[in-house]
Amino acid sequence: MTTLPALRVEFAPTLLAWPFLVLLALVTPAIVLSVARRDRLAQLPLLLAFIAAMAAVLLSQTLAAFALSWEAMTLVSAFLVATYHERRAVRRALFSYLIIGQIGAVCIIAVLALLAAHANSVAFAVIARAAATLPPDLRAAIVLLALAGFGSKAGLVPLHFWLPRAHPVAPPAASALLSGVMLKVAIYGLLLVCAVLAAPVGAALGMTIMIAGLLSALAGSLYAAIETDLKRLLAFSSIENVGIIVAALGFALVALAYAQPLLAGIALAALLFHVLAHGVFKSLLFLGAGEIAAAAHTTDLEHLGGLMHTLRYSAPAILIGCFAAAALPPLCGFASEWLLFQALLRAFTGASHVVQIAAVLCVTAIATASGIAAIAFTKAFATGMLGTPRSTHPRTREPLNAAPAALAWLAVLALVLGAAPMLAMRPLFSLVTAIVPASAGALAWAGSVPVWIAGLPAAGAIAVLMLARARGVRHVATWTCGSPVGVRSQYSASAFANPLRVLLGGLTRPHADDTMRTVAAFVQRFARRTRIVQAGYVRIYLAYALAALIAVLVVVR
């Protein structure tokens with residue numbers, strides 16, 4: 001049959017897919033443990049199907065295999081988002097997710113079709129061999145379509161508005177997979193196109209990708225800092241971290257275009273390391289948010305507080321996750337960003353002016369985003385876990401079961417990857433060397449995280465304790481302008497973020513709802529106009545099927 005070659009489905013692991021498969025393998029035990037309870041066990045089949053679909057995307061080696069696996073991943077994740085579909089907010093979030101998901105899928109299928117038409121093959125190995133002969137205009141169109149298609153699934157600005165809607169309404173285990181792993185599968189798709197299927201990508205396209213990532217990093221961290229719902233805060237934080245990853249990819253492409261393979265190698269290794277780090281600590285934090293919701297019956301930081309004693313088993317793991325998300329040493333979030341800064345700072349010694357300008361933009365934006373992220377997670381832990389409860393709603397004391405064990409597993413991974421980053425860096429640099437052979441000396445050049453930097457937080461804490469002991473501790477009553485001291489006298493999440501909100505003014509007003517209403521109105525108008533093709537006559541439907549069959553035969557002939 002002439003259609004069989006075009007519809008061939010092949011799966012096999014590749015070097016580029018291994019870090020993403022390792023992330024999936026590391027997070028899966030925690031997901032299974034988190035639902036190993038009678039009231040959550042019904043979620044397990046869909047979660048396992050979601051994991052299998054993501055693995056299928058990572059293993060796909062032909063156009064049909066990738067497209068089918070991608071659609072399966074989207075549909076299964078949509079069912080997970082719709083778990084509590086009786087709520088209006090869930091249905092609205094699902095609508096947003098499906099719209100963006102299908103727009104992205106159209107862009108991705110267009111990318112794969114253009115690559116297959118140029119190489120006259122649907123096999124990724126053949127497409128990769130023909131990548132060097134892509135015409136410049138076609139290459140640019142493919143990369144921009146890939147940025148739109150995969151970027152929409154990854155949550156890049158301005159196609160990010162579905163993410164802070166969909167992730168918070170899903171069950172905790174689903175949110176952990178969505179944010180911790182699925183966004184990285186989208187990153188894998190973008191990396192596959194830019195580094196393999198459409199390589200080499202020029203400096204202009206690399207700069208475009210980098211700027212898209214930096215804007216997402218800044219916007220995500222800013223909205224996370226002013227957000228008062230914990231799960232929405234985590235969703236915005238994912239936008240920030242995806243932006244850092246995409247910015248690292250863009251910088252690596254710019255460095256490669258200007259014959260700086262060592263810089264590109266370090267940036268690509270940092271990208272993959274941050275994929276692992278973010279997948280671990282964000283899965284930890286979303287599962288932790290689920291435990292907070294189970295104990296306090298809300299994730300609104302304005303009504304939380306004092307959960308350190310209620311969540312006696314999960315609280316230490318959540319603290320580790322917040323430290324990692326704030327990029328504090330010696331945790332994995334700091335180690336991966338430190339490695340990226342190594343590439344950026346090395347650009348100032350001997351690199352071309354364009355690469356140096358790209359490095360300046362990255363250092364400035366990523367350092368700013370990391371600082372704002374530290375504010376966001378200080379606020380999240382301080383107002384949610386410390387102090388006294390802000391509501392009188394009865395709280396459920398955390399039992400010792402499999403859920404805290406899931407958090408402990410991810411917390412240990414975050415500690416190990418941060419304290420001993422070379423365990424991940426060595427295999428990652430070996431992988432990068434296979435992709436960019438000229439970057440063979442990047443590992444020795446980048447080095448590891450200096451011990452004195454990793455020990456700074458501990459040294460600071462010890463110094464503060466010693467100073468307090470030397471000076472003595474005074475106990476004085478809290479002054480509240482003569483008013484009685486109550487629960488509402490505590491610093492709230494809104495008050496914590498208010499200086500930042502005042503400083504940045506209009507930038508802190510999200511316009512996602514307006515964007516969503518515009519998109520939704522367009523989709524509804526389009527649906528009403530196209531009702532004419534659904535007349536209810538079987539003969540018309542058979543004519544549609546015949547026309548589609550003829551079109552397929554003409555294309556694959």
# chains A, B, ... in the order shown; residues from 1 in each chain; ligands from 1
$ closest_atom_pairs --of "region 192-269 of chain A" --to "region 321-328 of chain A" --cutoff "12 Å" --atoms "only C-alpha atoms" --output "Markdown table"
| residue | atom | partner | partner_atom | distance |
| --- | --- | --- | --- | --- |
| A:Ser221 | CA | A:Ala326 | CA | 10.3 |
| A:Ala224 | CA | A:Ala325 | CA | 11.5 |
| A:Ala225 | CA | A:Ala326 | CA | 11.3 |
| A:Leu230 | CA | A:Cys322 | CA | 11.6 |
| A:Leu233 | CA | A:Ala325 | CA | 11.5 |
| A:Leu234 | CA | A:Ala325 | CA | 9.4 |
| A:Phe236 | CA | A:Ala325 | CA | 11.8 |
| A:Ser237 | CA | A:Ala325 | CA | 8.1 |
| A:Ser238 | CA | A:Ala325 | CA | 9.6 |
| A:Glu240 | CA | A:Ala325 | CA | 10.3 |
| A:Asn241 | CA | A:Ala325 | CA | 8.9 |
$ residues_around --residues "Ser283 (chain A)" --least-positions-apart "6" --cutoff "8 Å" --atoms "only C-alpha atoms" --output "JSON, numbers by chain"
{"A": [27, 175, 176, 177, 179, 180, 410]}
$ write_last_selection --atoms "N, CA and C atoms" --output "compact mmCIF listing (two decimals), in the first residue's frame"
# COMPACT_ATOMS: atom_id res chain seq x y z
N VAL A 27 10.17 10.87 38.54
CA VAL A 27 8.94 11.44 39.09
C VAL A 27 7.84 10.40 39.24
N SER A 175 -1.37 17.63 38.39
CA SER A 175 -0.65 18.91 38.30
C SER A 175 0.85 18.70 38.33
N ALA A 176 1.31 17.76 39.17
CA ALA A 176 2.74 17.47 39.26
C ALA A 176 3.26 16.96 37.92
N LEU A 177 2.51 16.09 37.26
CA LEU A 177 2.93 15.58 35.96
C LEU A 177 2.83 16.64 34.88
N SER A 179 3.02 19.97 35.16
CA SER A 179 4.03 21.02 35.29
C SER A 179 5.44 20.46 35.37
N GLY A 180 5.60 19.33 36.06
CA GLY A 180 6.93 18.78 36.25
C GLY A 180 7.47 18.06 35.04
N LEU A 410 11.15 12.96 46.46
CA LEU A 410 11.52 14.08 45.59
C LEU A 410 12.43 15.07 46.31
$ closest_residue --among "A:Ala289, A:Ile187, A:Ala17, A:Leu307" --to "Leu431 (chain A)" --atoms "only C-alpha atoms"
A:Ala17
$ closest_residue --among "A:Leu147, A:Ala548, A:Ala296, A:Leu331" --to "Ile108 (chain A)" --atoms "only C-alpha atoms"
A:Leu147
$ residues_around --residues "region 348-352 of chain A" --least-positions-apart "4" --cutoff "12 Å" --atoms "only C-alpha atoms" --output "list in words"
Ala203, Val254, Ala255, Leu256, Ala257, Tyr258, Ala259, Gln260, Pro261, Leu262, Leu263, Ala264, Phe341, Gln342, Ala343, Leu344, Gln356, Ile357, Ala358, Ala359, Val360 and Val363 of chain A
$ write_last_selection --atoms "C-alpha atoms" --output "compact mmCIF listing (two decimals), in the first residue's frame"
# COMPACT_ATOMS: atom_id res chain seq x y z
CA ALA A 203 21.86 33.48 15.11
CA VAL A 254 23.51 31.95 19.05
CA ALA A 255 26.83 30.66 20.40
CA LEU A 256 26.89 27.86 17.84
CA ALA A 257 26.15 30.30 15.02
CA TYR A 258 29.22 32.33 16.05
CA ALA A 259 31.54 29.32 16.38
CA GLN A 260 31.54 29.13 20.19
CA PRO A 261 30.90 25.41 20.75
CA LEU A 262 32.18 25.38 24.35
CA LEU A 263 29.70 28.08 25.37
CA ALA A 264 26.95 26.23 23.53
CA PHE A 341 25.63 31.46 34.48
CA GLN A 342 29.01 29.79 33.86
CA ALA A 343 28.28 29.76 30.12
CA LEU A 344 26.94 33.31 30.17
CA GLN A 356 28.29 39.02 24.51
CA ILE A 357 25.13 41.08 23.99
CA ALA A 358 23.08 37.89 24.23
CA ALA A 359 24.92 36.98 27.44
CA VAL A 360 24.25 40.43 28.96
CA VAL A 363 22.35 37.45 32.84
$ closest_residue --among "A:Ala78, A:Ala12, A:Ala128, A:Ala110" --to "Ala170 (chain A)" --atoms "only C-alpha atoms"
A:Ala78
$ closest_residue --among "A:Leu80, A:Leu26, A:Ala380, A:Val464" --to "Ala49 (chain A)" --atoms "only C-alpha atoms"
A:Leu80
$ atom_distance --atom1 "CA of Ala55 (chain A)" --atom2 "CA of Leu24 (chain A)"
7.7 Å
$ closest_residue --among "A:Ala406, A:Leu214, A:Ala148, A:Leu63" --to "Ala113 (chain A)" --atoms "only C-alpha atoms"
A:Leu63
$ atom_distance --atom1 "CA of Gly288 (chain A)" --atom2 "CA of Leu41 (chain A)"
17.7 Å
$ closest_residue --among "A:Thr298, A:Ala424, A:Leu345, A:Leu192" --to "Thr364 (chain A)" --atoms "only C-alpha atoms"
A:Leu345
$ select_by_dssp --residues "region 34-114 of chain A" --states "alpha helix (DSSP H)" --output "JSON, numbers by chain"
{"A": [34, 44, 45, 46, 47, 48, 49, 50, 51, 52, 53, 54, 55, 56, 57, 58, 59, 63, 64, 65, 66, 67, 68, 69, 70, 71, 72, 73, 74, 75, 76, 77, 78, 79, 80, 81, 88, 89, 90, 91, 92, 93, 94, 95, 96, 97, 98, 99, 100, 101, 102, 103, 104, 105, 106, 107, 108, 109, 110, 111, 112, 113, 114]}
$ residues_around --residues "Pro200 (chain A)" --least-positions-apart "3" --cutoff "10 Å" --atoms "only C-alpha atoms" --output "list of chain:residue names"
A:Ala131, A:Ala132, A:Thr133, A:Leu134, A:Arg139, A:Val193, A:Cys194, A:Ala195, A:Val196, A:Leu197, A:Ala203, A:Leu253, A:Leu256, A:Ala257
